[in-house]
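So this one's model05.cif, mmCIF, C-alpha atoms and all ligand atoms:
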```
data_final
loop_
_atom_site.label_atom_id
_atom_site.label_comp_id
_atom_site.auth_asym_id
_atom_site.auth_seq_id
_atom_site.Cartn_x
_atom_site.Cartn_y
_atom_site.Cartn_z
CA MET A 1 34.66 204.25 -18.15
CA SER A 2 31.10 204.58 -19.46
CA ILE A 3 28.45 205.90 -17.11
CA LYS A 4 24.96 204.45 -16.87
CA ARG A 5 22.49 207.28 -17.48
CA HIS A 6 18.73 207.47 -17.12
CA ASP A 7 18.38 210.91 -18.71
CA TRP A 8 19.11 210.20 -22.36
CA THR A 9 17.25 212.53 -24.69
CA ARG A 10 15.69 211.49 -27.95
CA ASP A 11 18.04 213.79 -29.90
CA GLU A 12 21.13 212.33 -28.26
CA ILE A 13 19.99 208.81 -29.11
CA ILE A 14 19.14 209.75 -32.71
CA ALA A 15 22.63 211.26 -33.04
CA LEU A 16 24.16 207.99 -31.79
CA TYR A 17 21.99 205.86 -34.10
CA ASN A 18 23.03 207.96 -37.12
CA LYS A 19 26.77 208.06 -36.41
CA PRO A 20 29.13 206.76 -39.09
CA LEU A 21 28.78 203.01 -38.66
CA MET A 22 32.42 202.32 -37.79
CA ASP A 23 32.35 204.96 -35.05
CA LEU A 24 29.08 203.61 -33.69
CA LEU A 25 30.40 200.03 -33.68
CA TYR A 26 33.65 201.02 -32.00
CA GLU A 27 31.87 202.91 -29.23
CA ALA A 28 29.31 200.15 -28.65
CA ALA A 29 31.91 197.37 -28.71
CA SER A 30 34.12 199.27 -26.24
CA ILE A 31 31.24 199.73 -23.80
CA HIS A 32 30.23 196.10 -24.28
CA ARG A 33 33.72 194.92 -23.26
CA GLU A 34 33.68 197.09 -20.14
CA HIS A 35 30.58 195.38 -18.82
CA HIS A 36 30.40 191.91 -20.37
CA ASP A 37 32.53 189.06 -21.63
CA PRO A 38 32.27 189.61 -25.41
CA ASN A 39 32.65 185.90 -26.11
CA VAL A 40 29.71 184.78 -23.97
CA VAL A 41 26.14 184.82 -25.25
CA GLN A 42 23.10 183.87 -23.24
CA VAL A 43 20.79 181.35 -24.91
CA SER A 44 17.08 181.30 -24.13
CA THR A 45 14.36 178.99 -25.39
CA LEU A 46 10.93 180.46 -25.96
CA LEU A 47 7.99 178.13 -25.39
CA SER A 48 4.46 179.03 -26.38
CA ILE A 49 2.54 177.47 -23.50
CA LYS A 50 -0.82 178.81 -24.72
CA THR A 51 -1.06 179.81 -28.35
CA GLY A 52 -3.54 181.99 -30.28
CA GLY A 53 -7.00 183.28 -29.54
CA CYS A 54 -5.74 186.47 -27.91
CA PRO A 55 -8.31 189.25 -27.50
CA GLU A 56 -5.76 192.05 -28.05
CA ASP A 57 -5.22 193.83 -31.38
CA CYS A 58 -1.38 194.15 -31.54
CA GLY A 59 -0.86 194.90 -35.23
CA TYR A 60 2.23 192.69 -35.55
CA CYS A 61 0.84 189.60 -33.91
CA PRO A 62 -0.48 186.48 -35.65
CA GLN A 63 -1.94 185.26 -32.34
CA ALA A 64 -4.58 187.99 -32.15
CA ALA A 65 -7.91 186.22 -32.61
CA ARG A 66 -9.31 189.04 -34.74
CA TYR A 67 -6.82 188.64 -37.61
CA HIS A 68 -6.99 186.01 -40.31
CA THR A 69 -3.72 184.11 -39.89
CA LYS A 70 -2.84 180.43 -40.11
CA VAL A 71 -1.88 180.12 -36.46
CA GLU A 72 -3.47 177.12 -34.79
CA GLY A 73 -4.42 177.86 -31.23
CA ASN A 74 -3.93 175.47 -28.34
CA ASP A 75 -4.94 175.36 -24.71
CA LEU A 76 -2.50 175.75 -21.87
CA MET A 77 0.20 173.05 -21.96
CA SER A 78 0.53 170.62 -19.06
CA VAL A 79 3.34 170.91 -16.51
CA GLN A 80 4.77 167.61 -17.77
CA GLN A 81 4.87 168.81 -21.39
CA VAL A 82 6.66 171.97 -20.31
CA LYS A 83 9.14 170.00 -18.21
CA ALA A 84 9.97 167.73 -21.17
CA GLN A 85 10.57 170.76 -23.43
CA ALA A 86 12.68 172.48 -20.78
CA LEU A 87 14.89 169.40 -20.44
CA ARG A 88 15.37 169.34 -24.21
CA ALA A 89 16.28 173.03 -24.19
CA LYS A 90 18.76 172.47 -21.36
CA SER A 91 20.47 169.61 -23.16
CA SER A 92 20.96 171.78 -26.22
CA GLY A 93 22.64 174.61 -24.33
CA SER A 94 19.82 176.91 -23.19
CA SER A 95 20.15 178.43 -19.74
CA ARG A 96 16.72 180.03 -19.74
CA VAL A 97 13.18 179.00 -20.63
CA CYS A 98 10.78 181.79 -21.45
CA MET A 99 7.11 180.76 -21.35
CA GLY A 100 4.66 182.83 -23.37
CA ALA A 101 0.87 182.75 -23.09
CA ALA A 102 -1.37 184.69 -25.48
CA TRP A 103 -3.30 186.45 -22.73
CA ARG A 104 -4.27 190.10 -22.28
CA ASN A 105 -3.59 189.80 -18.56
CA VAL A 106 -3.23 187.13 -15.93
CA LYS A 107 -6.36 186.00 -14.14
CA ASP A 108 -6.14 184.28 -10.76
CA GLY A 109 -7.43 180.72 -11.00
CA PRO A 110 -6.43 177.20 -12.02
CA GLU A 111 -4.58 178.24 -15.20
CA PHE A 112 -2.36 180.69 -13.32
CA ASP A 113 -1.81 178.06 -10.62
CA GLN A 114 -0.64 175.72 -13.38
CA VAL A 115 1.80 178.33 -14.68
CA LEU A 116 3.15 178.78 -11.14
CA GLU A 117 3.75 175.03 -11.01
CA MET A 118 5.63 175.25 -14.34
CA VAL A 119 7.82 177.98 -12.85
CA ARG A 120 8.60 175.80 -9.80
CA THR A 121 9.36 172.81 -12.02
CA ILE A 122 11.79 174.64 -14.32
CA ASN A 123 13.56 176.48 -11.50
CA LYS A 124 14.18 173.09 -9.91
CA LEU A 125 15.91 172.03 -13.15
CA ASP A 126 18.41 174.82 -12.38
CA MET A 127 17.37 176.86 -15.37
CA GLU A 128 16.36 180.52 -15.37
CA VAL A 129 12.61 180.85 -15.82
CA CYS A 130 11.00 183.78 -17.58
CA CYS A 131 7.29 184.34 -18.25
CA THR A 132 5.44 186.60 -20.64
CA LEU A 133 1.78 186.41 -19.73
CA GLY A 134 0.46 189.92 -20.40
CA MET A 135 -0.36 192.45 -17.71
CA ILE A 136 0.02 191.39 -14.09
CA THR A 137 -0.82 192.89 -10.71
CA GLU A 138 1.60 193.30 -7.83
CA ASN A 139 0.14 190.28 -6.02
CA GLN A 140 0.51 188.11 -9.13
CA ALA A 141 4.11 189.30 -9.55
CA LYS A 142 4.79 188.32 -5.94
CA ARG A 143 3.27 184.87 -6.45
CA LEU A 144 5.47 184.35 -9.53
CA ALA A 145 8.54 185.51 -7.59
CA GLU A 146 7.75 183.13 -4.76
CA ALA A 147 7.48 180.23 -7.22
CA GLY A 148 11.04 180.96 -8.39
CA LEU A 149 10.58 183.20 -11.43
CA TYR A 150 13.84 184.75 -12.63
CA ALA A 151 12.54 187.24 -15.22
CA TYR A 152 9.27 188.70 -16.44
CA ASN A 153 9.00 189.87 -20.03
CA HIS A 154 6.74 192.75 -20.95
CA ASN A 155 7.84 194.67 -24.05
CA LEU A 156 7.23 198.36 -24.56
CA ASP A 157 7.14 197.44 -28.28
CA THR A 158 7.85 200.97 -29.60
CA SER A 159 7.74 204.65 -28.61
CA GLU A 160 4.75 205.97 -26.67
CA GLU A 161 3.72 208.03 -29.71
CA TYR A 162 3.88 205.18 -32.23
CA TYR A 163 2.26 202.74 -29.80
CA LYS A 164 -1.06 204.36 -30.76
CA GLU A 165 -0.52 203.12 -34.33
CA VAL A 166 0.07 199.55 -33.22
CA ILE A 167 -2.33 198.67 -30.40
CA SER A 168 -5.69 200.11 -29.39
CA THR A 169 -6.80 197.63 -26.74
CA ARG A 170 -4.44 198.74 -23.97
CA GLY A 171 -2.32 201.80 -23.24
CA PHE A 172 1.41 202.38 -23.00
CA GLU A 173 0.97 203.26 -19.33
CA ASP A 174 -0.38 199.73 -18.66
CA ARG A 175 2.94 198.38 -19.87
CA LEU A 176 4.83 200.62 -17.49
CA GLN A 177 2.50 199.69 -14.62
CA THR A 178 3.16 195.97 -15.13
CA ILE A 179 6.91 196.61 -15.15
CA GLU A 180 6.51 198.59 -11.93
CA ASN A 181 4.58 195.69 -10.38
CA VAL A 182 7.40 193.30 -11.29
CA ARG A 183 9.93 195.70 -9.77
CA LYS A 184 8.23 195.29 -6.37
CA THR A 185 9.75 191.78 -6.33
CA ASN A 186 13.24 190.37 -6.98
CA VAL A 187 12.22 189.18 -10.43
CA THR A 188 14.36 190.77 -13.17
CA VAL A 189 12.73 192.75 -15.97
CA CYS A 190 12.96 191.90 -19.65
CA SER A 191 11.51 194.60 -21.89
CA GLY A 192 12.27 195.68 -25.42
CA GLY A 193 10.55 196.14 -28.70
CA ILE A 194 10.16 195.57 -32.40
CA ILE A 195 11.62 197.49 -35.32
CA GLY A 196 10.22 197.43 -38.84
CA MET A 197 6.58 198.22 -38.00
CA GLY A 198 6.62 201.42 -40.09
CA GLU A 199 8.03 203.53 -37.25
CA SER A 200 10.61 206.28 -37.71
CA VAL A 201 14.13 206.46 -36.28
CA GLU A 202 12.66 209.02 -33.85
CA ASP A 203 10.27 206.31 -32.60
CA ARG A 204 13.09 203.81 -32.18
CA ALA A 205 14.96 206.43 -30.18
CA GLY A 206 11.78 207.21 -28.20
CA MET A 207 11.50 203.58 -27.18
CA LEU A 208 15.11 203.55 -26.01
CA VAL A 209 14.53 206.76 -24.03
CA ALA A 210 11.61 205.07 -22.25
CA LEU A 211 13.61 201.90 -21.51
CA ALA A 212 16.79 203.69 -20.44
CA SER A 213 14.88 206.03 -18.13
CA LEU A 214 13.53 203.10 -16.11
CA SER A 215 15.39 202.84 -12.84
CA PRO A 216 16.82 200.24 -12.67
CA GLN A 217 17.10 199.70 -16.40
CA PRO A 218 15.74 196.35 -17.62
CA GLU A 219 18.16 193.50 -17.06
CA SER A 220 17.40 192.30 -20.56
CA VAL A 221 16.20 194.10 -23.68
CA PRO A 222 15.05 192.04 -26.67
CA ILE A 223 15.34 193.75 -30.05
CA ASN A 224 13.01 192.10 -32.53
CA ALA A 225 12.87 192.64 -36.29
CA LEU A 226 9.26 192.41 -37.41
CA VAL A 227 8.34 189.09 -39.00
CA ALA A 228 5.52 190.29 -41.25
CA VAL A 229 2.90 187.53 -41.09
CA GLU A 230 0.18 187.21 -43.72
CA GLY A 231 -3.19 188.23 -42.37
CA THR A 232 -1.83 190.68 -39.79
CA PRO A 233 -2.16 194.44 -40.31
CA MET A 234 1.59 194.61 -40.89
CA GLU A 235 1.79 191.87 -43.51
CA ASN A 236 3.11 194.31 -46.14
CA GLU A 237 5.83 195.99 -44.09
CA LYS A 238 9.18 195.76 -45.82
CA PRO A 239 11.86 193.64 -44.13
CA VAL A 240 14.26 195.31 -41.73
CA GLU A 241 17.71 195.76 -43.23
CA ILE A 242 20.60 194.23 -41.33
CA TRP A 243 22.18 197.69 -41.00
CA GLU A 244 19.14 198.94 -39.11
CA MET A 245 19.37 195.99 -36.77
CA ILE A 246 23.10 196.54 -36.18
CA ARG A 247 22.54 200.24 -35.50
CA MET A 248 19.66 199.50 -33.13
CA VAL A 249 21.67 196.90 -31.19
CA ALA A 250 24.71 199.18 -30.95
CA THR A 251 22.62 202.13 -29.77
CA THR A 252 20.84 199.98 -27.20
CA ARG A 253 24.20 198.75 -25.90
CA ILE A 254 25.48 202.31 -25.47
CA VAL A 255 22.42 203.64 -23.63
CA MET A 256 21.98 200.51 -21.46
CA PRO A 257 25.54 199.29 -20.84
CA GLU A 258 24.80 196.59 -18.25
CA THR A 259 21.71 195.13 -19.92
CA GLN A 260 21.70 191.87 -21.84
CA VAL A 261 20.68 192.86 -25.35
CA ARG A 262 18.85 190.04 -27.08
CA LEU A 263 18.69 189.34 -30.81
CA SER A 264 15.14 188.07 -30.98
CA ALA A 265 12.61 187.64 -33.81
CA GLY A 266 13.83 188.02 -37.36
CA ARG A 267 17.11 186.10 -37.04
CA THR A 268 16.21 183.69 -39.87
CA GLU A 269 16.53 186.62 -42.27
CA MET A 270 20.02 187.50 -41.02
CA SER A 271 23.24 186.06 -42.39
CA ARG A 272 25.85 184.72 -39.98
CA GLU A 273 28.01 187.71 -40.87
CA GLY A 274 25.13 190.03 -39.97
CA GLN A 275 24.59 188.27 -36.65
CA ALA A 276 28.32 188.38 -35.94
CA MET A 277 28.25 192.16 -36.39
CA CYS A 278 25.31 192.34 -33.99
CA PHE A 279 27.32 190.38 -31.39
CA PHE A 280 30.25 192.73 -31.95
CA ALA A 281 27.87 195.69 -31.53
CA GLY A 282 26.81 194.39 -28.12
CA ALA A 283 24.12 191.75 -28.55
CA ASN A 284 24.79 189.05 -25.94
CA SER A 285 21.67 186.96 -25.92
CA ILE A 286 19.64 185.00 -28.48
CA PHE A 287 16.50 182.95 -28.61
CA ALA A 288 17.16 179.37 -29.66
CA GLY A 289 14.76 176.78 -31.05
CA ASP A 290 13.22 176.48 -34.50
CA LYS A 291 10.13 178.48 -33.56
CA LEU A 292 9.64 181.76 -31.73
CA LEU A 293 6.10 181.42 -30.39
CA THR A 294 4.61 181.08 -33.89
CA THR A 295 7.25 182.47 -36.26
CA PRO A 296 10.36 180.69 -37.64
CA ASN A 297 13.79 180.82 -35.99
CA PRO A 298 17.15 179.23 -36.90
CA ASN A 299 17.51 175.67 -35.62
CA VAL A 300 19.67 174.95 -32.60
CA ASP A 301 22.33 172.98 -34.50
CA ASP A 302 22.90 175.88 -36.88
CA ASP A 303 23.20 178.25 -33.94
CA MET A 304 25.72 176.01 -32.21
CA LYS A 305 27.76 175.81 -35.44
CA MET A 306 27.70 179.60 -35.59
CA PHE A 307 28.86 179.79 -31.94
CA GLU A 308 31.72 177.42 -32.73
CA MET A 309 32.74 179.40 -35.79
CA LEU A 310 32.73 182.67 -33.85
CA GLY A 311 34.30 181.22 -30.70
CA LEU A 312 31.25 182.13 -28.62
CA LYS A 313 30.25 180.26 -25.46
CA PRO A 314 26.72 179.93 -24.06
CA GLN A 315 26.30 181.78 -20.76
CA LYS A 316 25.79 179.62 -17.65
CA PRO A 317 22.51 180.10 -15.77
CA PHE A 318 22.37 182.55 -12.85
CA THR A 319 25.57 184.33 -13.91
CA LYS A 320 24.12 187.81 -13.43
CA VAL A 321 21.63 187.26 -10.59
CA SER A 322 21.57 184.32 -8.18
CA GLN A 323 18.99 181.56 -8.40
CA PRO A 324 15.69 182.40 -6.69
CA LYS A 325 14.29 179.98 -4.10
CA THR A 326 11.11 178.09 -4.88
CA VAL A 327 8.33 178.11 -2.29
CA GLU A 328 5.85 175.25 -2.72
CA ALA A 329 2.19 176.10 -3.31
CA GLU A 330 1.14 174.79 0.10
CA ASP A 331 3.68 177.04 1.86
CA SER A 332 2.81 180.18 -0.08
CA GLU A 333 2.28 183.33 1.92
CA PHE A 334 0.20 184.92 -0.83
CA THR A 335 -3.39 184.11 -1.59
CA PRO A 336 -5.05 184.77 -4.92
CA LEU A 337 -6.93 188.05 -4.54
CA GLY A 338 -9.21 187.52 -7.53
CA GLU A 339 -8.50 191.12 -8.50
CA LYS A 340 -10.17 192.71 -11.47
CA PRO A 341 -7.76 195.54 -12.24
CA ARG A 342 -8.90 198.27 -14.55
CA TRP A 343 -6.33 197.95 -17.31
CA SER A 344 -7.09 200.63 -19.86
CA ARG A 345 -8.91 200.20 -23.18
CA PRO A 346 -8.04 203.38 -25.08
CA GLY A 347 -10.04 202.20 -28.12
CA HIS A 348 -8.54 204.72 -30.58
CA LYS A 349 -9.02 203.68 -34.21
CA ILE A 350 -6.09 202.13 -36.07
CA GLU A 351 -7.15 201.94 -39.69
CA ARG A 352 -4.88 199.05 -40.76
CA ASN A 353 -5.87 196.97 -37.73
CA LEU A 354 -9.55 197.48 -38.54
CA GLN A 355 -8.93 196.63 -42.18
CA ALA A 356 -7.08 193.39 -41.37
CA GLN A 357 -9.92 192.42 -39.06
CA ALA A 358 -12.56 193.16 -41.71
CA THR A 359 -10.62 191.29 -44.43
CA GLY A 360 -10.49 188.25 -42.20
CA LYS A 361 -14.20 188.36 -41.70
CA VAL A 362 -14.93 188.70 -45.44
CA GLU A 363 -12.60 185.80 -46.26
CA ALA A 364 -14.07 183.65 -43.53
CA GLU A 365 -17.57 184.31 -44.85
CA ALA A 366 -16.46 183.52 -48.42
CA ASP A 367 -14.86 180.26 -47.19
CA SER A 368 -18.08 179.19 -45.56
CA ILE A 369 -20.22 179.66 -48.68
S1 LIG B 401 1.37 190.28 -28.75
FE1 LIG B 401 0.57 189.21 -26.96
S2 LIG B 401 -1.08 190.52 -26.25
FE2 LIG B 401 -0.65 191.18 -28.35
S3 LIG B 401 -2.10 189.99 -29.61
FE3 LIG B 401 -0.17 188.85 -29.50
S4 LIG B 401 -0.46 187.41 -27.83
FE4 LIG B 401 -2.00 189.02 -27.60
#
```

Spit out the file's structure as structure tokens when you get a sec.
Ligand code: SF4
Amino acid sequence: MSIKRHDWTRDEIIALYNKPLMDLLYEAASIHREHHDPNVVQVSTLLSIKTGGCPEDCGYCPQAARYHTKVEGNDLMSVQQVKAQALRAKSSGSSRVCMGAAWRNVKDGPEFDQVLEMVRTINKLDMEVCCTLGMITENQAKRLAEAGLYAYNHNLDTSEEYYKEVISTRGFEDRLQTIENVRKTNVTVCSGGIIGMGESVEDRAGMLVALASLSPQPESVPINALVAVEGTPMENEKPVEIWEMIRMVATTRIVMPETQVRLSAGRTEMSREGQAMCFFAGANSIFAGDKLLTTPNPNVDDDMKMFEMLGLKPQKPFTKVSQPKTVEAEDSEFTPLGEKPRWSRPGHKIERNLQAQATGKVEAEADSI
């Protein structure tokens, strides 16, 4: 019987990651079967409820306003639009809707109230609701929980050391603080990262150390392969090889045995055989829908054909944690505090981020001549 540990060291995780592949797969698959039904995969739909124009400088992200990408921004969607999309997702097999807004942090006010209404609406459709809205305070986490939120996503992205090569507008400790704020409620935590940003295997292991040491460990951990988007600082990063993805999934499964490990961005580049090996290695969740926020994703029909071929079944909602109750806005016991938390702005210089920003400016000026 495998034991859940919070004291994994980086060296132990590197040793796992570098094991002969067949040994690594066997160990991961065995642990997976102890804790999960290997033929059930959770399906989530990611909805970008507010796209682009983000003030942050995440080097992988086409939604950062400072980079010169082709992403078209839009204002916050209406509750009705979100409801219609959620119903579509439900009818095509999704048990969870994850709503993403390109914000640095949540601000109390009408837009957050609207998001709370979206949470109430989707929970009443008997679907799990997840939000990824940037940094949140404890009071905001409690308001989301009261509306019926099932999960909050806030990725660590990478190791604490490599984080300084990716983002300069907020610190790694802000990420941990937001996760801690979510943990003061019954909302589950979804937190993972991205591989293929130029980080080393040591950094990948460092990220897993940070995630595994959280107590409790996140209920879900998305593993993304970078989708290198033109105009972002990481546009020239070479694609992640399927073997790296399989090793990362297997290692994640071993160090976080009860967690749902999600195959996230980068699935369009993976063959069905590659994805099947990821499921064998312990992945038991995917994002469905032909777009992941702004980057491409396999379409739902293709995914369902793959499920059929592999004999996989979509997981029913609220299998792991029971459905939260929704409290209506007028009955809420929390008031907006209008807080202005001091999230950090480390401001260290990341050369490639600055370059991508400057290139955008030069091109924009040339366009306007
Ligand atoms: S990843 Fe999120 S916070 Fe970072 S730039 Fe993109 S939308 Fe903003």

Q | Cut-off 10 Å around (26.5, 193.2, -33.5) with all atoms listed in the file: residues as number ranges by chain | A | A: 25, 28-29, 242-243, 245-250, 253, 263, 273-284

For the residues in that selection, give me C-alpha atoms as a short mmCIF file (atom, residue, chain, number, x, y, z; two decimals), in the coordinates of the input.
```
data_model
loop_
_atom_site.label_atom_id
_atom_site.label_comp_id
_atom_site.auth_asym_id
_atom_site.auth_seq_id
_atom_site.Cartn_x
_atom_site.Cartn_y
_atom_site.Cartn_z
CA LEU A 25 30.40 200.03 -33.68
CA ALA A 28 29.31 200.15 -28.65
CA ALA A 29 31.91 197.37 -28.71
CA ILE A 242 20.60 194.23 -41.33
CA TRP A 243 22.18 197.69 -41.00
CA MET A 245 19.37 195.99 -36.77
CA ILE A 246 23.10 196.54 -36.18
CA ARG A 247 22.54 200.24 -35.50
CA MET A 248 19.66 199.50 -33.13
CA VAL A 249 21.67 196.90 -31.19
CA ALA A 250 24.71 199.18 -30.95
CA ARG A 253 24.20 198.75 -25.90
CA LEU A 263 18.69 189.34 -30.81
CA GLU A 273 28.01 187.71 -40.87
CA GLY A 274 25.13 190.03 -39.97
CA GLN A 275 24.59 188.27 -36.65
CA ALA A 276 28.32 188.38 -35.94
CA MET A 277 28.25 192.16 -36.39
CA CYS A 278 25.31 192.34 -33.99
CA PHE A 279 27.32 190.38 -31.39
CA PHE A 280 30.25 192.73 -31.95
CA ALA A 281 27.87 195.69 -31.53
CA GLY A 282 26.81 194.39 -28.12
CA ALA A 283 24.12 191.75 -28.55
CA ASN A 284 24.79 189.05 -25.94
#
```

Q: For Ile179 of chain A, work out the shell of residues within 8 Å, counting all atoms listed in the file and skipping chain neighbours fewer than 3 positions away, then give it as a VMD selection string.
A: chain A and resid 154 175 to 176 182 to 183 189

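Among all protein and nucleic acid residues, the ones that lie within 8 Å of ligand LIG 401 (chain B) when counting only C-alpha atoms and all ligand atoms are A:Thr51, A:Gly52, A:Gly53, A:Cys54, A:Pro55, A:Glu56, A:Asp57, A:Cys58, A:Gly59, A:Tyr60, A:Cys61, A:Pro62, A:Gln63, A:Ala64, A:Ala65, A:Ala101, A:Ala102, A:Trp103, A:Arg104, A:Leu133, A:Gly134, A:Ile167.
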
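Distance-wise, atom CA of His36 of chain A and atom CA of Ile194 of chain A end up 23.8 Å apart.
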
At most 8 Å is the cut-off: for each residue in segment 92-188 of chain A with any atom that close to an atom of segment 306-326 of chain A, write down the nearest atom pair and the distance in Å rounded to one decimal, counting all atoms listed in the file, chain first then increasing number, as a tab-separated table.
```
residue	atom	partner	partner_atom	distance
A:Gly93	CA	A:Pro314	CA	6.7
A:Ser94	CA	A:Pro314	CA	7.6
A:Ser95	CA	A:Pro317	CA	4.9
A:Arg96	CA	A:Pro317	CA	7.0
A:Arg120	CA	A:Thr326	CA	6.0
A:Asn123	CA	A:Thr326	CA	7.2
A:Lys124	CA	A:Thr326	CA	7.7
A:Asp126	CA	A:Pro317	CA	7.5
A:Met127	CA	A:Pro317	CA	6.1
A:Glu128	CA	A:Pro317	CA	6.2
A:Ala145	CA	A:Pro324	CA	7.8
A:Glu146	CA	A:Thr326	CA	6.1
A:Ala147	CA	A:Thr326	CA	4.8
A:Gly148	CA	A:Thr326	CA	4.5
A:Leu149	CA	A:Pro324	CA	7.0
A:Tyr150	CA	A:Pro324	CA	6.7
```
